[in-house]
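Trainee: Below you'll find protein_6.txt; it's compact mmCIF, C-alpha atoms.
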```
# COMPACT_ATOMS: atom_id res chain seq x y z
CA MET A 117 66.87 34.85 -49.53
CA ILE A 118 63.95 34.42 -51.90
CA SER A 119 60.55 33.43 -50.57
CA ILE A 120 58.15 31.55 -52.85
CA GLN A 121 54.36 31.73 -52.86
CA GLN A 122 52.57 29.22 -55.06
CA PHE A 123 48.95 29.42 -56.19
CA THR A 124 47.09 26.89 -58.31
CA PHE A 125 44.67 28.60 -60.67
CA ASN A 126 42.28 28.23 -63.62
CA PRO A 127 40.52 25.20 -65.11
CA ILE A 128 43.89 23.67 -66.09
CA SER A 129 45.26 23.76 -62.49
CA GLU A 130 48.29 25.85 -63.41
CA ASN A 131 50.84 26.92 -60.80
CA THR A 132 51.38 30.67 -60.52
CA TYR A 133 54.42 31.84 -58.52
CA ILE A 134 55.28 35.03 -56.68
CA LEU A 135 58.93 35.36 -55.66
CA TYR A 136 60.00 38.05 -53.20
CA ASP A 137 62.86 38.89 -50.86
CA GLU A 138 63.52 41.10 -47.86
CA THR A 139 63.40 44.26 -50.03
CA LYS A 140 59.67 43.54 -50.69
CA GLU A 141 60.22 43.64 -54.43
CA CYS A 142 58.50 40.72 -56.10
CA VAL A 143 58.32 38.87 -59.40
CA ILE A 144 55.10 37.37 -60.75
CA ILE A 145 55.73 34.28 -62.89
CA ASP A 146 53.11 32.68 -65.16
CA PRO A 147 50.03 34.43 -63.77
CA GLY A 148 47.24 31.97 -64.37
CA MET A 149 44.42 33.69 -62.53
CA TYR A 150 41.26 33.22 -64.51
CA ASP A 151 38.38 34.78 -62.60
CA ALA A 152 37.76 37.57 -60.09
CA GLU A 153 38.21 35.29 -57.10
CA GLU A 154 41.65 34.19 -58.27
CA GLN A 155 42.61 37.76 -59.14
CA ASN A 156 41.58 38.88 -55.66
CA THR A 157 43.67 36.13 -54.10
CA VAL A 158 46.81 37.56 -55.73
CA VAL A 159 45.99 41.16 -54.86
CA LYS A 160 45.27 40.21 -51.24
CA PHE A 161 48.58 38.36 -50.89
CA ILE A 162 50.59 41.22 -52.40
CA LYS A 163 48.87 43.78 -50.17
CA GLU A 164 49.20 41.72 -47.00
CA LYS A 165 52.91 41.17 -47.59
CA GLU A 166 53.33 44.83 -48.69
CA LEU A 167 55.08 43.70 -51.85
CA LYS A 168 56.01 45.76 -54.89
CA PRO A 169 55.69 43.84 -58.18
CA VAL A 170 58.62 44.76 -60.44
CA LEU A 171 58.68 41.97 -63.06
CA LEU A 172 56.12 39.88 -64.91
CA LEU A 173 57.69 36.76 -66.41
CA ASN A 174 56.27 33.98 -68.57
CA THR A 175 58.16 30.72 -68.89
CA HIS A 176 56.18 30.23 -72.11
CA CYS A 177 52.95 31.51 -73.63
CA HIS A 178 50.43 28.70 -73.52
CA TYR A 179 47.07 30.13 -72.46
CA ASP A 180 46.96 28.68 -68.95
CA HIS A 181 50.20 30.49 -68.08
CA VAL A 182 49.17 33.90 -69.40
CA PHE A 183 45.52 34.21 -68.40
CA GLY A 184 46.52 36.82 -65.80
CA ASN A 185 48.96 38.88 -67.88
CA LYS A 186 46.44 41.61 -68.64
CA PHE A 187 45.29 41.77 -65.02
CA VAL A 188 48.90 42.20 -63.83
CA TYR A 189 49.45 44.91 -66.44
CA ASP A 190 46.24 46.72 -65.49
CA ASN A 191 47.10 46.67 -61.77
CA TRP A 192 50.86 47.13 -61.67
CA GLY A 193 51.79 48.41 -65.13
CA LEU A 194 54.04 45.45 -65.91
CA LYS A 195 54.29 44.05 -69.43
CA PRO A 196 55.29 40.40 -69.70
CA GLN A 197 58.83 39.36 -70.47
CA PHE A 198 59.55 36.08 -72.27
CA HIS A 199 61.68 34.79 -75.15
CA LYS A 200 60.72 36.25 -78.52
CA GLY A 201 60.26 32.74 -79.90
CA GLU A 202 57.06 32.51 -77.85
CA LEU A 203 55.46 35.63 -79.32
CA TYR A 204 53.58 33.85 -82.10
CA VAL A 205 52.18 31.44 -79.48
CA LEU A 206 50.77 34.40 -77.57
CA GLN A 207 49.44 36.05 -80.73
CA ALA A 208 47.61 32.89 -81.82
CA MET A 209 45.58 32.66 -78.63
CA PRO A 210 42.53 34.82 -79.50
CA GLY A 211 41.98 32.54 -82.49
CA TYR A 212 41.46 29.32 -80.55
CA VAL A 213 41.00 29.83 -76.80
CA PRO A 214 37.35 31.03 -77.12
CA GLN A 215 36.60 27.90 -79.17
CA MET A 216 37.60 25.87 -76.11
CA GLY A 217 34.87 27.57 -74.12
CA LEU A 218 37.36 29.72 -72.19
CA HIS A 219 37.50 33.49 -72.01
CA TYR A 220 40.80 35.21 -72.67
CA GLU A 221 41.72 38.82 -71.98
CA LEU A 222 44.27 39.98 -74.53
CA SER A 223 47.75 40.04 -73.01
CA PRO A 224 49.99 43.02 -73.69
CA GLU A 225 53.10 42.19 -75.70
CA PRO A 226 56.59 42.61 -74.28
CA GLU A 227 58.71 45.71 -74.58
CA VAL A 228 61.65 43.59 -73.42
CA PHE A 229 62.31 40.06 -74.68
CA LEU A 230 64.44 37.67 -72.67
CA PRO A 231 67.55 36.05 -74.16
CA GLU A 232 68.41 32.34 -73.94
CA THR A 233 70.98 32.98 -71.20
CA GLY A 234 71.60 35.76 -68.72
CA THR A 235 70.31 36.97 -65.38
CA LEU A 236 67.35 38.93 -64.09
CA LYS A 237 67.63 41.02 -60.95
CA PHE A 238 64.96 42.08 -58.47
CA GLY A 239 65.45 43.40 -54.96
CA SER A 240 68.73 41.92 -53.74
CA SER A 241 68.17 38.67 -55.65
CA GLN A 242 68.79 37.32 -59.10
CA LEU A 243 67.47 34.60 -61.38
CA GLU A 244 69.42 32.84 -64.11
CA LEU A 245 67.74 32.14 -67.44
CA ILE A 246 67.83 28.55 -68.69
CA PHE A 247 66.62 27.91 -72.24
CA ALA A 248 64.61 24.68 -72.38
CA PRO A 249 62.51 24.38 -75.54
CA GLY A 250 60.52 21.29 -76.48
CA HIS A 251 57.20 21.69 -74.69
CA SER A 252 56.93 25.03 -76.44
CA PRO A 253 59.22 26.64 -79.03
CA ALA A 254 61.27 28.94 -76.77
CA HIS A 255 60.53 27.92 -73.17
CA LEU A 256 62.61 29.49 -70.39
CA CYS A 257 63.16 28.30 -66.82
CA PHE A 258 64.27 30.58 -63.99
CA TYR A 259 66.98 29.31 -61.65
CA ALA A 260 67.74 30.91 -58.29
CA ALA A 261 71.29 29.69 -57.71
CA ALA A 262 71.67 31.23 -54.26
CA ASP A 263 68.52 29.49 -53.04
CA ASN A 264 68.90 26.39 -55.24
CA PHE A 265 65.45 26.22 -56.79
CA LEU A 266 64.07 26.27 -60.32
CA ILE A 267 60.82 27.72 -61.60
CA GLY A 268 60.48 25.12 -64.32
CA GLY A 269 57.27 25.87 -66.20
CA ASP A 270 56.07 22.88 -68.22
CA VAL A 271 59.41 21.18 -68.87
CA LEU A 272 59.99 18.75 -66.00
CA PHE A 273 57.31 17.42 -63.65
CA TYR A 274 57.20 14.99 -60.75
CA TYR A 275 57.52 11.60 -62.50
CA SER A 276 56.71 13.23 -65.83
CA ILE A 277 57.65 15.75 -68.52
CA GLY A 278 55.81 18.42 -70.48
CA ARG A 279 53.55 17.31 -73.30
CA THR A 280 54.91 17.80 -76.80
CA ASP A 281 51.79 17.34 -78.92
CA LEU A 282 50.93 21.05 -78.97
CA PRO A 283 52.02 23.42 -81.78
CA GLY A 284 55.74 24.13 -81.43
CA GLY A 285 56.32 21.02 -79.33
CA ASN A 286 59.16 18.59 -80.03
CA HIS A 287 59.69 15.49 -77.90
CA LEU A 288 63.36 14.91 -78.68
CA GLN A 289 64.14 18.58 -78.14
CA LEU A 290 62.41 18.47 -74.75
CA ILE A 291 64.38 15.41 -73.61
CA ASN A 292 67.61 17.10 -74.71
CA SER A 293 66.66 20.32 -72.89
CA ILE A 294 66.09 18.42 -69.66
CA LYS A 295 69.20 16.26 -69.86
CA ASN A 296 71.58 18.97 -71.09
CA ASN A 297 70.24 22.13 -69.44
CA LEU A 298 68.40 21.05 -66.28
CA PHE A 299 70.17 17.90 -65.18
CA ILE A 300 73.42 19.89 -64.82
CA LEU A 301 71.84 21.63 -61.80
CA PRO A 302 72.54 20.26 -58.30
CA ASP A 303 70.69 17.05 -57.41
CA ASP A 304 69.06 18.77 -54.42
CA CYS A 305 67.78 21.66 -56.54
CA LYS A 306 64.04 21.96 -55.92
CA VAL A 307 61.90 22.19 -59.04
CA TYR A 308 58.65 24.14 -58.91
CA PRO A 309 56.72 23.10 -62.03
CA GLY A 310 53.84 24.67 -63.92
CA HIS A 311 51.48 21.90 -62.79
CA GLY A 312 51.44 19.47 -59.89
CA GLN A 313 53.75 19.05 -56.95
CA SER A 314 57.37 20.13 -56.61
CA THR A 315 60.22 17.69 -57.08
CA THR A 316 64.03 17.71 -57.22
CA ILE A 317 66.52 17.32 -60.04
CA GLY A 318 68.09 14.27 -58.37
CA PHE A 319 64.77 12.49 -57.87
CA GLU A 320 63.80 12.92 -61.51
CA LYS A 321 67.24 11.82 -62.72
CA GLN A 322 66.79 8.54 -60.85
CA HIS A 323 63.07 7.88 -61.14
CA ASN A 324 61.48 9.75 -64.06
CA PRO A 325 60.32 7.05 -66.50
CA TYR A 326 60.67 9.39 -69.50
CA LEU A 327 64.33 10.10 -68.81
CA GLN A 328 65.88 6.71 -68.14
```
Before we go any further, please render this structure as structure tokens.

Mentor:
Amino acid sequence: MISIQQFTFNPISENTYILYDETKECVIIDPGMYDAEEQNTVVKFIKEKELKPVLLLNTHCHYDHVFGNKFVYDNWGLKPQFHKGELYVLQAMPGYVPQMGLHYELSPEPEVFLPETGTLKFGSSQLELIFAPGHSPAHLCFYAAADNFLIGGDVLFYYSIGRTDLPGGNHLQLINSIKNNLFILPDDCKVYPGHGQSTTIGFEKQHNPYLQ
């Protein structure tokens, strides 16, 4: 069984997730830690739980989801894994993030890119890849079928959806991704988004104003 630890970090209030199971292996998804205090929070949690980070995953490469990539690499030697269609998003960051008044430590680039479909294994658990572009050009979600939850990034939110006015965004593509790739999951599947509170597939099917 996978346990989930959620942190909310950085000026954009991004949700960072650590998934771990009884083997103590863990996966760090979308590390958004921005300053020393937030970095220390992650280190403290991992040490207290005696976890071993084995994967660093990015749902997509907008700055608020990758602020902590370099810190994870420096501490645990993990390079990020994401879909290759997000690489140019990552590479563009040094050109504009400082102009927003934010500091950005250069993320390492992947040695391994993730495909649109497939599975990732850690410990005795596995995550299924779900391709869901629209908020960003090659966004991936991570579905734990055995535990019936989705790490959804910035695709589907409680009563909302990801914004599509950023470079690489496409509103129609996002709606199609949600309806065709996420709404096929069980109604009671819990969705842990990149911002805000968790929700379920069934609730959003019935109540999300963008998807009626």

Trainee: Wanna dump the stretch 145-216 of chain A-stretch 278-291 of chain A contacts at 12 Å for me, each residue with its shortest atom pair and the distance in Å to one decimal, counting only C-alpha atoms, ordered by chain and number, as a Markdown table?

Mentor:
```
| residue | atom | partner | partner_atom | distance |
| --- | --- | --- | --- | --- |
| A:His176 | CA | A:Gly284 | CA | 11.1 |
| A:Cys177 | CA | A:Gly284 | CA | 11.1 |
| A:His178 | CA | A:Leu282 | CA | 9.4 |
| A:Tyr179 | CA | A:Leu282 | CA | 11.8 |
| A:Gly201 | CA | A:Gly284 | CA | 9.8 |
| A:Glu202 | CA | A:Gly284 | CA | 9.2 |
| A:Leu203 | CA | A:Gly284 | CA | 11.7 |
| A:Tyr204 | CA | A:Gly284 | CA | 10.0 |
| A:Val205 | CA | A:Pro283 | CA | 8.3 |
| A:Leu206 | CA | A:Pro283 | CA | 11.8 |
| A:Ala208 | CA | A:Pro283 | CA | 10.4 |
| A:Met209 | CA | A:Pro283 | CA | 11.7 |
```

Trainee: Select, from A:Pro325, A:Gly239, A:Pro127, A:Gly184, the residue with the minimum atom-to-atom distance to A:Gln155, counting all atoms listed in the file.

Mentor: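 Smallest separation from A:Gln155 among the options: A:Gly184.
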
Trainee: Need the axis-aligned box for stretch 151-166 of chain A with 4 Å each side, so what are the centre and edges in Å to one decimal, as AutoDock Vina command-line options?

Mentor:
```
--center_x 45.5 --center_y 39.5 --center_z -54.8 --size_x 23.6 --size_y 18.6 --size_z 23.6
```

Trainee: Rounded to one decimal place, report the atom CA of A:His255-atom CA of A:Glu232 distance in Å.

Mentor: 9.1 Å

Trainee: Between A:Ile246, A:Ile144, A:Cys305, A:Val182, which has the minimum distance to A:Ile128 (counting all atoms listed in the file)?

Mentor: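 Smallest separation from A:Ile128 among the options: A:Val182.
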
Trainee: Please tabulate, as JSON lines, the residues of stretch 120-195 of chain A that come within 7 Å of stretch 214-228 of chain A, each with its closest pair of atoms and the distance in Å to one decimal, counting only C-alpha atoms and ordering rows by chain, then residue number upward.

Mentor:
```
{"residue": "A:Phe183", "atom": "CA", "partner": "A:Tyr220", "partner_atom": "CA", "distance": 6.4}
{"residue": "A:Asn185", "atom": "CA", "partner": "A:Ser223", "partner_atom": "CA", "distance": 5.4}
{"residue": "A:Lys186", "atom": "CA", "partner": "A:Ser223", "partner_atom": "CA", "distance": 4.8}
{"residue": "A:Lys195", "atom": "CA", "partner": "A:Pro226", "partner_atom": "CA", "distance": 5.6}
```

Trainee: Using C-alpha atoms, can you export the residues from the last selection as a short mmCIF file (atom, residue, chain, number, x, y, z; two decimals), in the frame of the given file?

Mentor:
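What landed in part.cif:
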```
data_model
loop_
_atom_site.label_atom_id
_atom_site.label_comp_id
_atom_site.auth_asym_id
_atom_site.auth_seq_id
_atom_site.Cartn_x
_atom_site.Cartn_y
_atom_site.Cartn_z
CA PHE A 183 45.52 34.21 -68.40
CA ASN A 185 48.96 38.88 -67.88
CA LYS A 186 46.44 41.61 -68.64
CA LYS A 195 54.29 44.05 -69.43
#
```

Trainee: Rounded to one decimal place, report the atom CA of A:Pro196-atom CA of A:Asn264 distance in Å.

Mentor: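 Atom-to-atom, atom CA of A:Pro196 to atom CA of A:Asn264, that is 24.3 Å.
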
Trainee: How would stretch 277-296 of chain A look with N, CA, C and O atoms restored, written as a compact mmCIF listing (two decimals), in the coordinates of the input?

Mentor:
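Below you can see rebuild.txt, which holds the result:
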```
# COMPACT_ATOMS: atom_id res chain seq x y z
N ILE A 277 57.07 14.65 -67.74
CA ILE A 277 57.65 15.75 -68.52
C ILE A 277 56.51 16.49 -69.21
O ILE A 277 55.38 16.01 -69.25
N GLY A 278 56.83 17.66 -69.77
CA GLY A 278 55.81 18.42 -70.48
C GLY A 278 55.33 17.69 -71.73
O GLY A 278 56.08 16.94 -72.36
N ARG A 279 54.09 17.92 -72.08
CA ARG A 279 53.55 17.31 -73.30
C ARG A 279 54.17 17.99 -74.52
O ARG A 279 54.56 19.15 -74.47
N THR A 280 54.26 17.25 -75.60
CA THR A 280 54.91 17.80 -76.80
C THR A 280 54.01 17.69 -78.03
O THR A 280 54.48 17.82 -79.16
N ASP A 281 52.71 17.49 -77.80
CA ASP A 281 51.79 17.34 -78.92
C ASP A 281 51.08 18.64 -79.27
O ASP A 281 50.17 18.66 -80.09
N LEU A 282 51.51 19.74 -78.66
CA LEU A 282 50.93 21.05 -78.97
C LEU A 282 51.77 21.73 -80.05
O LEU A 282 52.94 21.36 -80.25
N PRO A 283 51.23 22.73 -80.75
CA PRO A 283 52.02 23.42 -81.78
C PRO A 283 53.33 23.95 -81.20
O PRO A 283 53.36 24.57 -80.13
N GLY A 284 54.43 23.68 -81.90
CA GLY A 284 55.74 24.13 -81.43
C GLY A 284 56.42 23.14 -80.51
O GLY A 284 57.55 23.36 -80.08
N GLY A 285 55.73 22.04 -80.20
CA GLY A 285 56.32 21.02 -79.33
C GLY A 285 57.23 20.07 -80.10
O GLY A 285 57.04 19.85 -81.30
N ASN A 286 58.22 19.51 -79.39
CA ASN A 286 59.16 18.59 -80.03
C ASN A 286 59.71 17.68 -78.93
O ASN A 286 60.44 18.13 -78.06
N HIS A 287 59.35 16.42 -78.99
CA HIS A 287 59.69 15.49 -77.90
C HIS A 287 61.20 15.35 -77.71
O HIS A 287 61.71 15.45 -76.59
N LEU A 288 61.91 15.10 -78.79
CA LEU A 288 63.36 14.91 -78.68
C LEU A 288 64.04 16.17 -78.14
O LEU A 288 64.95 16.10 -77.31
N GLN A 289 63.58 17.31 -78.61
CA GLN A 289 64.14 18.58 -78.14
C GLN A 289 63.89 18.75 -76.64
O GLN A 289 64.77 19.21 -75.90
N LEU A 290 62.71 18.35 -76.17
CA LEU A 290 62.41 18.47 -74.75
C LEU A 290 63.32 17.57 -73.92
O LEU A 290 63.87 18.00 -72.89
N ILE A 291 63.49 16.34 -74.34
CA ILE A 291 64.38 15.41 -73.61
C ILE A 291 65.79 15.99 -73.55
O ILE A 291 66.45 15.96 -72.50
N ASN A 292 66.27 16.51 -74.68
CA ASN A 292 67.61 17.10 -74.71
C ASN A 292 67.71 18.32 -73.79
O ASN A 292 68.73 18.52 -73.11
N SER A 293 66.66 19.15 -73.77
CA SER A 293 66.66 20.32 -72.89
C SER A 293 66.80 19.90 -71.44
O SER A 293 67.57 20.49 -70.66
N ILE A 294 66.04 18.87 -71.05
CA ILE A 294 66.09 18.42 -69.66
C ILE A 294 67.46 17.83 -69.33
O ILE A 294 68.09 18.20 -68.32
N LYS A 295 67.93 16.94 -70.17
CA LYS A 295 69.20 16.26 -69.86
C LYS A 295 70.40 17.19 -69.93
O LYS A 295 71.33 17.09 -69.12
N ASN A 296 70.40 18.12 -70.88
CA ASN A 296 71.58 18.97 -71.09
C ASN A 296 71.54 20.28 -70.31
O ASN A 296 72.59 20.82 -69.95
```
